[in-house]
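Visitor: Enclosed is the structure file run.pdb (PDB, C-alpha atoms).
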```pdb
ATOM      1  CA  MET Z   1     -36.141 -22.829  84.322  1.00  0.00           C
ATOM      2  CA  PRO Z   2     -33.573 -21.362  86.480  1.00  0.00           C
ATOM      3  CA  GLN Z   3     -31.643 -19.673  83.623  1.00  0.00           C
ATOM      4  CA  ILE Z   4     -34.660 -17.569  82.745  1.00  0.00           C
ATOM      5  CA  ALA Z   5     -35.174 -16.627  86.352  1.00  0.00           C
ATOM      6  CA  GLN Z   6     -31.613 -15.205  86.558  1.00  0.00           C
ATOM      7  CA  ILE Z   7     -32.039 -12.868  83.584  1.00  0.00           C
ATOM      8  CA  GLY Z   8     -33.562 -10.166  85.661  1.00  0.00           C
ATOM      9  CA  GLU Z   9     -30.700 -10.253  88.191  1.00  0.00           C
ATOM     10  CA  ILE Z  10     -27.811 -10.180  85.681  1.00  0.00           C
ATOM     11  CA  TYR Z  11     -29.513  -8.142  82.956  1.00  0.00           C
ATOM     12  CA  ALA Z  12     -28.854  -4.794  84.594  1.00  0.00           C
ATOM     13  CA  SER Z  13     -25.183  -5.550  85.329  1.00  0.00           C
ATOM     14  CA  GLN Z  14     -24.564  -6.772  81.755  1.00  0.00           C
ATOM     15  CA  LEU Z  15     -26.138  -3.633  80.337  1.00  0.00           C
ATOM     16  CA  PHE Z  16     -24.002  -1.526  82.648  1.00  0.00           C
ATOM     17  CA  TRP Z  17     -20.750  -3.210  81.603  1.00  0.00           C
ATOM     18  CA  LEU Z  18     -21.808  -3.082  77.953  1.00  0.00           C
ATOM     19  CA  LEU Z  19     -22.230   0.671  78.210  1.00  0.00           C
ATOM     20  CA  VAL Z  20     -18.925   1.026  80.075  1.00  0.00           C
ATOM     21  CA  PHE Z  21     -16.967  -0.902  77.415  1.00  0.00           C
ATOM     22  CA  PHE Z  22     -18.705   0.821  74.499  1.00  0.00           C
ATOM     23  CA  GLY Z  23     -18.014   4.161  76.176  1.00  0.00           C
ATOM     24  CA  ALA Z  24     -14.378   3.230  76.739  1.00  0.00           C
ATOM     25  CA  ILE Z  25     -14.035   2.106  73.140  1.00  0.00           C
ATOM     26  CA  LEU Z  26     -15.683   5.334  71.979  1.00  0.00           C
ATOM     27  CA  VAL Z  27     -13.321   7.433  74.056  1.00  0.00           C
ATOM     28  CA  VAL Z  28     -10.174   5.516  73.052  1.00  0.00           C
ATOM     29  CA  ILE Z  29     -10.994   5.154  69.367  1.00  0.00           C
ATOM     30  CA  GLY Z  30     -13.175   8.220  68.808  1.00  0.00           C
ATOM     31  CA  TYR Z  31     -11.111  10.739  70.735  1.00  0.00           C
ATOM     32  CA  GLY Z  32      -7.695   9.078  70.755  1.00  0.00           C
ATOM     33  CA  MET Z  33      -7.152   7.239  67.464  1.00  0.00           C
ATOM     34  CA  LEU Z  34      -9.614   8.842  65.073  1.00  0.00           C
ATOM     35  CA  PRO Z  35      -8.055  12.346  65.164  1.00  0.00           C
ATOM     36  CA  LYS Z  36      -4.627  10.843  64.436  1.00  0.00           C
ATOM     37  CA  ILE Z  37      -6.034   8.808  61.560  1.00  0.00           C
ATOM     38  CA  GLN Z  38      -7.938  11.818  60.244  1.00  0.00           C
ATOM     39  CA  ALA Z  39      -4.779  13.967  60.485  1.00  0.00           C
ATOM     40  CA  THR Z  40      -2.843  11.307  58.560  1.00  0.00           C
ATOM     41  CA  VAL Z  41      -5.564  11.138  55.869  1.00  0.00           C
ATOM     42  CA  ASP Z  42      -5.670  14.958  55.637  1.00  0.00           C
ATOM     43  CA  ALA Z  43      -1.871  15.130  55.410  1.00  0.00           C
ATOM     44  CA  ARG Z  44      -1.912  12.468  52.718  1.00  0.00           C
ATOM     45  CA  ASP Z  45      -4.648  14.302  50.781  1.00  0.00           C
ATOM     46  CA  SER Z  46      -2.777  17.612  51.008  1.00  0.00           C
ATOM     47  CA  LYS Z  47       0.484  15.909  49.919  1.00  0.00           C
ATOM     48  CA  ILE Z  48      -1.300  14.291  46.957  1.00  0.00           C
ATOM     49  CA  ALA Z  49      -2.856  17.653  46.038  1.00  0.00           C
ATOM     50  CA  ALA Z  50       0.555  19.345  46.291  1.00  0.00           C
ATOM     51  CA  ASP Z  51       2.154  16.584  44.221  1.00  0.00           C
ATOM     52  CA  LEU Z  52      -0.570  16.884  41.585  1.00  0.00           C
ATOM     53  CA  LYS Z  53      -0.084  20.649  41.491  1.00  0.00           C
ATOM     54  CA  ALA Z  54       3.690  20.211  41.169  1.00  0.00           C
ATOM     55  CA  ALA Z  55       3.175  17.586  38.456  1.00  0.00           C
ATOM     56  CA  GLU Z  56       0.846  19.926  36.568  1.00  0.00           C
ATOM     57  CA  GLY Z  57       3.476  22.681  36.820  1.00  0.00           C
ATOM     58  CA  ALA Z  58       6.166  20.278  35.625  1.00  0.00           C
ATOM     59  CA  ARG Z  59       3.912  19.196  32.776  1.00  0.00           C
ATOM     60  CA  ALA Z  60       3.333  22.811  31.751  1.00  0.00           C
ATOM     61  CA  THR Z  61       7.097  23.418  31.871  1.00  0.00           C
ATOM     62  CA  ALA Z  62       7.735  20.265  29.834  1.00  0.00           C
ATOM     63  CA  ASP Z  63       5.119  21.336  27.280  1.00  0.00           C
ATOM     64  CA  ALA Z  64       6.752  24.752  27.012  1.00  0.00           C
ATOM     65  CA  LEU Z  65      10.179  23.141  26.607  1.00  0.00           C
ATOM     66  CA  GLU Z  66       8.808  20.769  23.988  1.00  0.00           C
ATOM     67  CA  ASP Z  67       7.240  23.659  22.074  1.00  0.00           C
ATOM     68  CA  GLY Z  68      10.568  25.498  22.207  1.00  0.00           C
ATOM     69  CA  TYR Z  69      12.373  22.362  21.074  1.00  0.00           C
ATOM     70  CA  ARG Z  70       9.965  21.871  18.196  1.00  0.00           C
ATOM     71  CA  ALA Z  71      10.317  25.506  17.153  1.00  0.00           C
ATOM     72  CA  ALA Z  72      14.116  25.204  17.264  1.00  0.00           C
ATOM     73  CA  MET Z  73      13.974  21.974  15.232  1.00  0.00           C
ATOM     74  CA  ASP Z  74      11.673  23.588  12.662  1.00  0.00           C
ATOM     75  CA  LYS Z  75      14.029  26.551  12.416  1.00  0.00           C
ATOM     76  CA  SER Z  76      17.017  24.201  12.040  1.00  0.00           C
ATOM     77  CA  ARG Z  77      15.222  22.201   9.369  1.00  0.00           C
ATOM     78  CA  ALA Z  78      14.367  25.390   7.480  1.00  0.00           C
ATOM     79  CA  GLU Z  79      18.001  26.528   7.672  1.00  0.00           C
ATOM     80  CA  ALA Z  80      19.210  23.110   6.541  1.00  0.00           C
ATOM     81  CA  ALA Z  81      16.782  23.162   3.616  1.00  0.00           C
ATOM     82  CA  LYS Z  82      17.971  26.665   2.695  1.00  0.00           C
ATOM     83  CA  LEU Z  83      21.615  25.591   2.895  1.00  0.00           C
ATOM     84  CA  ALA Z  84      20.856  22.527   0.788  1.00  0.00           C
ATOM     85  CA  ALA Z  85      19.059  24.673  -1.798  1.00  0.00           C
ATOM     86  CA  ASP Z  86      21.971  27.137  -1.850  1.00  0.00           C
ATOM     87  CA  ALA Z  87      24.468  24.306  -2.247  1.00  0.00           C
ATOM     88  CA  LYS Z  88      22.337  22.831  -5.008  1.00  0.00           C
ATOM     89  CA  ALA Z  89      22.205  26.190  -6.796  1.00  0.00           C
ATOM     90  CA  GLU Z  90      25.983  26.618  -6.458  1.00  0.00           C
ATOM     91  CA  ALA Z  91      26.528  23.105  -7.750  1.00  0.00           C
ATOM     92  CA  ALA Z  92      24.215  23.833 -10.687  1.00  0.00           C
ATOM     93  CA  LYS Z  93      26.157  27.026 -11.473  1.00  0.00           C
ATOM     94  CA  ALA Z  94      29.465  25.181 -11.224  1.00  0.00           C
ATOM     95  CA  THR Z  95      28.100  22.439 -13.453  1.00  0.00           C
ATOM     96  CA  GLU Z  96      26.866  25.009 -15.963  1.00  0.00           C
ATOM     97  CA  LYS Z  97      30.321  26.644 -15.999  1.00  0.00           C
ATOM     98  CA  SER Z  98      31.981  23.250 -16.460  1.00  0.00           C
ATOM     99  CA  VAL Z  99      29.551  22.331 -19.223  1.00  0.00           C
ATOM    100  CA  ALA Z 100      30.091  25.689 -20.941  1.00  0.00           C
ATOM    101  CA  LYS Z 101      33.864  25.285 -20.677  1.00  0.00           C
ATOM    102  CA  ALA Z 102      33.665  21.715 -21.981  1.00  0.00           C
ATOM    103  CA  ASP Z 103      31.276  22.831 -24.733  1.00  0.00           C
ATOM    104  CA  LYS Z 104      33.706  25.556 -25.754  1.00  0.00           C
ATOM    105  CA  ALA Z 105      36.608  23.084 -25.747  1.00  0.00           C
ATOM    106  CA  ILE Z 106      34.563  20.581 -27.737  1.00  0.00           C
ATOM    107  CA  GLY Z 107      33.514  23.342 -30.145  1.00  0.00           C
ATOM    108  CA  THR Z 108      37.172  24.252 -30.663  1.00  0.00           C
ATOM    109  CA  LYS Z 109      38.063  20.593 -31.234  1.00  0.00           C
ATOM    110  CA  ILE Z 110      35.137  20.222 -33.663  1.00  0.00           C
ATOM    111  CA  ASP Z 111      36.224  23.333 -35.586  1.00  0.00           C
ATOM    112  CA  LYS Z 112      39.778  21.970 -35.789  1.00  0.00           C
ATOM    113  CA  ALA Z 113      38.454  18.563 -36.883  1.00  0.00           C
ATOM    114  CA  VAL Z 114      36.193  20.175 -39.522  1.00  0.00           C
ATOM    115  CA  ALA Z 115      39.147  22.190 -40.798  1.00  0.00           C
ATOM    116  CA  LYS Z 116      41.307  19.028 -40.931  1.00  0.00           C
ATOM    117  CA  ILE Z 117      38.512  17.166 -42.715  1.00  0.00           C
ATOM    118  CA  ALA Z 118      38.103  20.010 -45.225  1.00  0.00           C
ATOM    119  CA  GLU Z 119      41.871  20.086 -45.735  1.00  0.00           C
ATOM    120  CA  ALA Z 120      41.983  16.306 -46.142  1.00  0.00           C
ATOM    121  CA  ARG Z 121      39.039  16.456 -48.535  1.00  0.00           C
ATOM    122  CA  ALA Z 122      40.695  19.168 -50.619  1.00  0.00           C
ATOM    123  CA  SER Z 123      43.938  17.197 -50.598  1.00  0.00           C
ATOM    124  CA  ALA Z 124      42.045  14.025 -51.532  1.00  0.00           C
ATOM    125  CA  LEU Z 125      40.223  15.822 -54.356  1.00  0.00           C
ATOM    126  CA  THR Z 126      43.512  17.228 -55.633  1.00  0.00           C
ATOM    127  CA  GLU Z 127      45.048  13.793 -55.443  1.00  0.00           C
ATOM    128  CA  ILE Z 128      42.004  12.250 -57.146  1.00  0.00           C
ATOM    129  CA  GLU Z 129      42.250  14.878 -59.881  1.00  0.00           C
ATOM    130  CA  GLY Z 130      45.909  14.084 -60.382  1.00  0.00           C
ATOM    131  CA  VAL Z 131      45.300  10.330 -60.486  1.00  0.00           C
ATOM    132  CA  ALA Z 132      42.253  10.764 -62.751  1.00  0.00           C
ATOM    133  CA  ALA Z 133      44.249  13.047 -65.081  1.00  0.00           C
ATOM    134  CA  GLU Z 134      47.075  10.519 -65.318  1.00  0.00           C
ATOM    135  CA  ALA Z 135      44.582   7.687 -65.883  1.00  0.00           C
ATOM    136  CA  ALA Z 136      42.821   9.741 -68.601  1.00  0.00           C
ATOM    137  CA  GLU Z 137      46.159  10.442 -70.308  1.00  0.00           C
ATOM    138  CA  GLN Z 138      47.078   6.777 -70.313  1.00  0.00           C
ATOM    139  CA  MET Z 139      43.604   5.640 -71.482  1.00  0.00           C
ATOM    140  CA  VAL Z 140      43.591   8.136 -74.359  1.00  0.00           C
ATOM    141  CA  SER Z 141      47.047   7.122 -75.425  1.00  0.00           C
ATOM    142  CA  ARG Z 142      46.168   3.417 -75.313  1.00  0.00           C
ATOM    143  CA  VAL Z 143      42.670   3.655 -76.757  1.00  0.00           C
ATOM    144  CA  ALA Z 144      43.046   6.474 -79.279  1.00  0.00           C
ATOM    145  CA  GLY Z 145      46.708   6.139 -79.856  1.00  0.00           C
ATOM    146  CA  PHE Z 146      47.641   9.815 -79.508  1.00  0.00           C
ATOM    147  CA  SER Z 147      48.987  11.629 -76.487  1.00  0.00           C
ATOM    148  CA  VAL Z 148      47.338  14.409 -74.513  1.00  0.00           C
ATOM    149  CA  ASP Z 149      49.391  16.833 -72.470  1.00  0.00           C
ATOM    150  CA  ALA Z 150      48.954  16.742 -68.672  1.00  0.00           C
ATOM    151  CA  ALA Z 151      47.443  20.272 -68.383  1.00  0.00           C
ATOM    152  CA  THR Z 152      44.667  19.480 -70.861  1.00  0.00           C
ATOM    153  CA  ALA Z 153      43.897  16.166 -69.161  1.00  0.00           C
ATOM    154  CA  ARG Z 154      43.827  17.886 -65.786  1.00  0.00           C
ATOM    155  CA  ALA Z 155      41.461  20.623 -67.080  1.00  0.00           C
ATOM    156  CA  LEU Z 156      39.071  18.058 -68.600  1.00  0.00           C
ATOM    157  CA  VAL Z 157      39.044  15.940 -65.402  1.00  0.00           C
ATOM    158  CA  ALA Z 158      38.388  19.063 -63.274  1.00  0.00           C
ATOM    159  CA  LYS Z 159      35.483  20.000 -65.593  1.00  0.00           C
ATOM    160  CA  GLU Z 160      33.960  16.512 -65.252  1.00  0.00           C
ATOM    161  CA  LEU Z 161      34.413  16.387 -61.481  1.00  0.00           C
ATOM    162  CA  ALA Z 162      32.754  19.803 -61.178  1.00  0.00           C
ATOM    163  CA  ASN Z 163      29.731  18.603 -63.173  1.00  0.00           C
ATOM    164  CA  GLY Z 164      29.440  15.544 -60.990  1.00  0.00           C
TER     165      GLY Z 164
END
```
As structure tokens, please, write out the structure in this file.

Guide:
Amino acid sequence: MPQIAQIGEIYASQLFWLLVFFGAILVVIGYGMLPKIQATVDARDSKIAADLKAAEGARATADALEDGYRAAMDKSRAEAAKLAADAKAEAAKATEKSVAKADKAIGTKIDKAVAKIAEARASALTEIEGVAAEAAEQMVSRVAGFSVDAATARALVAKELANG
């Protein structure tokens, strides 16, 4: 076979050109492109590291701000609760004063009403005594046929009303 016979003649030249192209590729890629790629990767890694460091710093700042915010909110809530408690206490005092004033006014009205009732009762009892005395006079004169003077009838009615 003639193809096999030619291997020896072309084998050396093919190996030579293979080494030349692989060498050229090594030089172009290994010494030309690879350092640029490596520099880009290193720059990217350093930028990512710097960004992560900046983000960590920003996070620490945000945490500090949040803690300050929470402390301020807690302080504000405590002040609001204190103000609410003070307002509640003032309202309770004002209510107590109003209730005391109203109680005093009601007490005065009750005393006046009790006095009026006692006066009306005394007047009613006096009137009842007078009516009962007149009725007793008329009954005695009709039933017994003799007359009793008004003072005696009034005294007897008063005695009976006192005994109940």

Visitor: What would the selection look like, as JSON, numbers by chain, if the PyMOL selection byres ((chain Z and resi 133) around 9) were run on the coordinates I just shared?

Guide: {"Z": [128, 129, 130, 131, 132, 134, 135, 136, 137, 138, 150, 151, 152, 153, 154, 155, 156, 157, 158]}

Visitor: Pick out the closest residue to Z:Leu161 from this set: Z:Ala49, Z:Val148, Z:Ala24, Z:Leu125. Count all atoms listed in the file.

Guide: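 Selected residue with least distance to Z:Leu161: Z:Leu125.
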
Visitor: Take every atom of stretch 20-35 of chain Z listed in the file, fit an axis-aligned box around them, add 4 Å per side, and give the centre and edge lengths in Å to one decimal as JSON.

Guide:
```
{"center_x": -13.0, "center_y": 5.7, "center_z": 72.6, "size_x": 19.8, "size_y": 21.2, "size_z": 23.0}
```

Visitor: Can you measure atom CA of Z:Lys82 to atom CA of Z:Asp67 for me? One decimal in Å is fine.

Guide: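 Taking atom CA of Z:Lys82 and atom CA of Z:Asp67, their separation equals 22.4 Å.
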
Visitor: In Å to one decimal, how far is atom CA of Z:Gly32 from atom CA of Z:Asp51?

Guide: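 Value for the atom CA of Z:Asp51-atom CA of Z:Gly32 distance: 29.3 Å.
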
Visitor: Just give me the gap between atom CA of Z:Glu90 and atom CA of Z:Ala105 in Å, one decimal is fine.

Guide: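 Atom CA of Z:Ala105 lies at a distance of 22.3 Å from atom CA of Z:Glu90.
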